[in-house]
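One structure below.
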Amino acid sequence: FIISEKIANLPSSRVALLVEKHSNWSELSSETIVIVLKLIFYITTLALAANLFAYENMHEKTPVGKILVLELPERMAMEASTDKSYFSEDNGLFRKLFRYINQNDISMTTPVEADIDPGKMRFFVGNKDRSKKIQNSEQVKILKIPPRKVVSIGIRGGYTEKKFNENLSRLNQWLDKNKTFESDGDPYGVYWNGPFVPGLLKRSEIHIPIRLSKNQSTENPPKPEQPKQKWSRLFF
């Protein structure tokens with residue numbers, strides 16, 4: 001189904017006030033009734049879909065607006081690449097990877113990762129598929145990602161280049177002021193939700209690989225947040 005821009009941008013507080021104020025639907029304009037009914041239909045459909053689709057999480061989400069240090073475990077990745085930026089209008093990366101997992105009977109997991117320029121996207125192999133013989137194809141490479149320490153910022157909202165850059169700036173400011181860690185790689189996007197989830201509900205993160213700074217003693221390094229395995233119900 002298609003949700004109009006008006007519904008996606010309508011504040012939930014406004015909907016609540018409309019419903020509370022007008023107990024008699026005859027007092028509402030036809031446009032308002034359509035918006036409210038479609039919004040109710042949308043939320044109900046999303047809730048039903050969430051119960052039907054549950055995906056293994058490779059690590060725990062970073063809370064919105066928080067900056068955490070995470071220790072990510074070793075993972076097996078399926079990676080597609082392009083010469084374009086990840087934020088180009090049609091990079092085709094998701095389609096390549098989704099076709100690959102369907103053809104090879106591999107379950108979807110969350111989140112997916114994306115390098116920005118040049119664009120690359122990675123899906124990850126879940127626990128139940130690790131024993132399968134997974135091989136490179138013309139469009140997808142199989143990679144073993146070693147354990148890595150990252151600093152992460154949690155984000156809510158659409159997957160836009162503007163939002164990525166705004167939050168990357170915050171993360172870089174945190175890293176510049178931090179005396180314990182230094183950058184150990186390029187930043188990348190971490191995306192938890194699929195294309196049918198509206199922008200205001202989407203969750204994402206930016207990760208920057210890090211290491212102890214040269215001036216930091218390694219005798220008592222700070223303990224990072226430990227990721228937990230959970231299940232995601234909003235990626236479809």
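Within each chain, counting starts at residue 1; across the structure tokens, chains are named A, B, ... in the order shown, with ligands numbered 1 upward in that order.
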
Output as an mmCIF file with C-alpha atoms, in the first residue's frame all residues of segment 60-102 of chain A that backbone DSSP marks as helix (DSSP H, G or I).
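Output file states.cif follows:
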data_model
loop_
_atom_site.group_PDB
_atom_site.id
_atom_site.type_symbol
_atom_site.label_atom_id
_atom_site.label_comp_id
_atom_site.auth_asym_id
_atom_site.auth_seq_id
_atom_site.Cartn_x
_atom_site.Cartn_y
_atom_site.Cartn_z
ATOM 1 C CA LEU A 93 23.042 -2.710 -3.719
ATOM 2 C CA PHE A 94 20.074 -3.897 -1.693
ATOM 3 C CA ARG A 95 18.566 -5.714 -4.695
ATOM 4 C CA LYS A 96 21.818 -7.573 -5.423
ATOM 5 C CA LEU A 97 22.115 -8.804 -1.849
ATOM 6 C CA PHE A 98 18.441 -9.635 -1.400
ATOM 7 C CA ARG A 99 18.491 -11.668 -4.627
ATOM 8 C CA TYR A 100 21.590 -13.499 -3.402
ATOM 9 C CA ILE A 101 20.113 -14.553 -0.046
ATOM 10 C CA ASN A 102 16.889 -15.686 -1.740
#

Fill in: Selected residue of minimal separation from Gln216 of chain A among A:Leu201, A:Asp186, A:Gly158, A:Thr180, counting only C-alpha atoms
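Of the candidates, the smallest distance to Gln216 of chain A is held by A:Thr180.
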
Worksheet item: Can you list every residue in segment 73-166 of chain A that DSSP puts in strand (DSSP E), as a ChimeraX atom specification?
Response: /A:75-81,109-110,112-115,120-124,141-145,148-156

Keeping N, CA, C and O atoms for every residue in the selection just given, could you write it to a file as a tab-separated table (two decimals), in the first residue's frame?
chain	number	residue	atom	x	y	z
A	75	ARG	N	32.08	-11.66	12.32
A	75	ARG	CA	30.87	-11.92	11.54
A	75	ARG	C	31.24	-12.31	10.11
A	75	ARG	O	32.29	-11.93	9.61
A	76	MET	N	30.33	-13.05	9.48
A	76	MET	CA	30.49	-13.38	8.07
A	76	MET	C	29.55	-12.48	7.27
A	76	MET	O	28.34	-12.46	7.53
A	77	ALA	N	30.11	-11.75	6.31
A	77	ALA	CA	29.34	-10.76	5.57
A	77	ALA	C	29.22	-11.14	4.10
A	77	ALA	O	30.10	-11.80	3.52
A	78	MET	N	28.11	-10.72	3.50
A	78	MET	CA	27.90	-10.78	2.06
A	78	MET	C	27.90	-9.34	1.57
A	78	MET	O	27.07	-8.55	2.01
A	79	GLU	N	28.79	-8.99	0.68
A	79	GLU	CA	29.00	-7.59	0.31
A	79	GLU	C	28.80	-7.36	-1.19
A	79	GLU	O	29.34	-8.08	-2.02
A	80	ALA	N	28.03	-6.32	-1.51
A	80	ALA	CA	27.87	-5.85	-2.88
A	80	ALA	C	28.44	-4.45	-2.96
A	80	ALA	O	28.40	-3.69	-1.98
A	81	SER	N	28.97	-4.07	-4.11
A	81	SER	CA	29.63	-2.77	-4.23
A	81	SER	C	29.22	-2.06	-5.53
A	81	SER	O	28.70	-2.68	-6.46
A	109	THR	N	19.10	-10.98	8.16
A	109	THR	CA	19.44	-10.54	9.52
A	109	THR	C	19.50	-9.02	9.54
A	109	THR	O	19.52	-8.37	8.50
A	110	THR	N	19.51	-8.46	10.71
A	110	THR	CA	19.67	-7.02	10.86
A	110	THR	C	20.78	-6.75	11.87
A	110	THR	O	21.04	-7.58	12.75
A	112	VAL	N	21.93	-4.01	8.44
A	112	VAL	CA	22.84	-4.06	7.30
A	112	VAL	C	23.80	-2.89	7.44
A	112	VAL	O	23.49	-1.89	8.09
A	113	GLU	N	24.98	-3.03	6.85
A	113	GLU	CA	25.99	-1.97	6.92
A	113	GLU	C	26.22	-1.39	5.53
A	113	GLU	O	26.04	-2.07	4.52
A	114	ALA	N	26.65	-0.13	5.48
A	114	ALA	CA	26.90	0.53	4.20
A	114	ALA	C	28.11	1.44	4.29
A	114	ALA	O	28.15	2.35	5.13
A	115	ASP	N	29.12	1.18	3.44
A	115	ASP	CA	30.19	2.15	3.23
A	115	ASP	C	29.64	3.23	2.28
A	115	ASP	O	28.82	2.93	1.41
A	120	LYS	N	29.16	0.57	-0.70
A	120	LYS	CA	29.15	-0.88	-0.48
A	120	LYS	C	28.07	-1.17	0.55
A	120	LYS	O	27.80	-0.36	1.43
A	121	MET	N	27.43	-2.33	0.41
A	121	MET	CA	26.44	-2.76	1.40
A	121	MET	C	26.75	-4.18	1.82
A	121	MET	O	27.14	-5.01	1.00
A	122	ARG	N	26.54	-4.44	3.12
A	122	ARG	CA	26.81	-5.77	3.67
A	122	ARG	C	25.59	-6.31	4.40
A	122	ARG	O	25.03	-5.64	5.27
A	123	PHE	N	25.17	-7.53	4.01
A	123	PHE	CA	24.26	-8.34	4.81
A	123	PHE	C	25.14	-9.30	5.62
A	123	PHE	O	26.28	-9.58	5.23
A	124	PHE	N	24.57	-9.82	6.71
A	124	PHE	CA	25.35	-10.74	7.55
A	124	PHE	C	24.67	-12.09	7.69
A	124	PHE	O	23.44	-12.19	7.74
A	141	LYS	N	30.40	-10.65	-2.77
A	141	LYS	CA	31.61	-11.24	-2.19
A	141	LYS	C	31.33	-11.68	-0.76
A	141	LYS	O	30.60	-11.01	-0.03
A	142	ILE	N	31.94	-12.79	-0.37
A	142	ILE	CA	31.81	-13.30	0.99
A	142	ILE	C	33.05	-12.89	1.77
A	142	ILE	O	34.17	-13.17	1.35
A	143	LEU	N	32.84	-12.22	2.90
A	143	LEU	CA	33.95	-11.70	3.70
A	143	LEU	C	33.81	-12.15	5.15
A	143	LEU	O	32.70	-12.25	5.67
A	144	LYS	N	34.94	-12.40	5.78
A	144	LYS	CA	34.94	-12.63	7.23
A	144	LYS	C	35.39	-11.33	7.88
A	144	LYS	O	36.51	-10.86	7.68
A	145	ILE	N	34.49	-10.72	8.67
A	145	ILE	CA	34.79	-9.46	9.34
A	145	ILE	C	35.33	-9.79	10.73
A	145	ILE	O	34.63	-10.39	11.55
A	148	ARG	N	35.76	-6.14	16.02
A	148	ARG	CA	36.20	-4.76	15.97
A	148	ARG	C	35.53	-3.94	17.06
A	148	ARG	O	34.41	-4.22	17.48
A	149	LYS	N	36.27	-2.93	17.50
A	149	LYS	CA	35.74	-1.98	18.48
A	149	LYS	C	35.31	-0.73	17.70
A	149	LYS	O	36.04	-0.24	16.83
A	150	VAL	N	34.10	-0.24	17.97
A	150	VAL	CA	33.59	0.93	17.26
A	150	VAL	C	32.98	1.91	18.26
A	150	VAL	O	32.56	1.52	19.36
A	151	VAL	N	32.92	3.17	17.86
A	151	VAL	CA	32.09	4.13	18.57
A	151	VAL	C	30.86	4.35	17.70
A	151	VAL	O	30.95	4.48	16.48
A	152	SER	N	29.69	4.34	18.34
A	152	SER	CA	28.42	4.32	17.63
A	152	SER	C	27.51	5.43	18.13
A	152	SER	O	27.47	5.73	19.33
A	153	ILE	N	26.74	6.03	17.19
A	153	ILE	CA	25.71	7.00	17.56
A	153	ILE	C	24.37	6.49	17.04
A	153	ILE	O	24.26	6.03	15.90
A	154	GLY	N	23.34	6.50	17.90
A	154	GLY	CA	22.01	6.03	17.51
A	154	GLY	C	21.20	7.15	16.88
A	154	GLY	O	21.20	8.28	17.36
A	155	ILE	N	20.47	6.81	15.81
A	155	ILE	CA	19.75	7.81	15.02
A	155	ILE	C	18.33	7.34	14.76
A	155	ILE	O	18.08	6.15	14.54
A	156	ARG	N	17.38	8.30	14.75
A	156	ARG	CA	16.02	8.02	14.30
A	156	ARG	C	15.71	8.94	13.12
A	156	ARG	O	16.05	10.13	13.15

Fill in: Given only C-alpha atoms as the counted atoms, nearest of A:Asp83, A:Asp184, A:Asp105, A:Glu89 to Gly119 of chain A
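For Gly119 of chain A, the nearest of the candidates is A:Asp83.
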
Under the rule of at most 12 Å, produce a per-residue listing of segment 52-117 of chain A near segment 172-178 of chain A: chain, number, name, the closest pair of atoms, and the distance in Å, as a Markdown table, using only C-alpha atoms.
| residue | atom | partner | partner_atom | distance |
| --- | --- | --- | --- | --- |
| A:Lys66 | CA | A:Trp174 | CA | 11.1 |
| A:Ile67 | CA | A:Trp174 | CA | 8.3 |
| A:Leu68 | CA | A:Trp174 | CA | 10.4 |
| A:Val69 | CA | A:Leu175 | CA | 10.8 |

Keeping only all heavy atoms, write the selected residues to a file as a CSV table (one decimal), in the first residue's frame.
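File again17.csv, as written:
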chain,number,residue,atom,x,y,z
A,66,LYS,N,22.3,8.6,21.7
A,66,LYS,CA,23.4,8.2,22.6
A,66,LYS,C,24.6,7.8,21.7
A,66,LYS,O,24.6,7.4,20.6
A,66,LYS,CB,23.0,6.9,23.4
A,66,LYS,CG,21.8,7.1,24.3
A,66,LYS,CD,22.1,8.1,25.4
A,66,LYS,CE,20.9,8.2,26.4
A,66,LYS,NZ,21.2,9.1,27.5
A,67,ILE,N,25.8,8.0,22.4
A,67,ILE,CA,27.1,7.6,21.8
A,67,ILE,C,27.7,6.6,22.7
A,67,ILE,O,27.9,6.8,23.9
A,67,ILE,CB,28.0,8.8,21.6
A,67,ILE,CG1,27.4,9.8,20.6
A,67,ILE,CG2,29.4,8.4,21.2
A,67,ILE,CD1,28.2,11.0,20.4
A,68,LEU,N,27.9,5.4,22.1
A,68,LEU,CA,28.5,4.3,22.9
A,68,LEU,C,29.7,3.6,22.2
A,68,LEU,O,29.8,3.7,21.0
A,68,LEU,CB,27.4,3.2,23.1
A,68,LEU,CG,26.1,3.5,23.8
A,68,LEU,CD1,25.2,2.3,23.8
A,68,LEU,CD2,26.4,3.9,25.2
A,69,VAL,N,30.5,3.0,23.0
A,69,VAL,CA,31.6,2.2,22.5
A,69,VAL,C,31.2,0.8,22.5
A,69,VAL,O,30.7,0.3,23.6
A,69,VAL,CB,32.9,2.4,23.4
A,69,VAL,CG1,34.0,1.4,22.9
A,69,VAL,CG2,33.4,3.8,23.2

Worksheet item: Which of these residues is nearest to Tyr191 of chain A, using only C-alpha atoms: A:Gln135, A:Ser213, A:Thr160, A:Ser107?
Response: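 With only C-alpha atoms as the atom set, the closest residue is A:Thr160.
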
Discussion item. Report, in Å with one decimal, the straight-line distance from atom CA of Ile106 of chain A to atom CA of Pro63 of chain A.
Written reply: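 Answer for the atom CA of Ile106 of chain A to atom CA of Pro63 of chain A separation: 28.3 Å.
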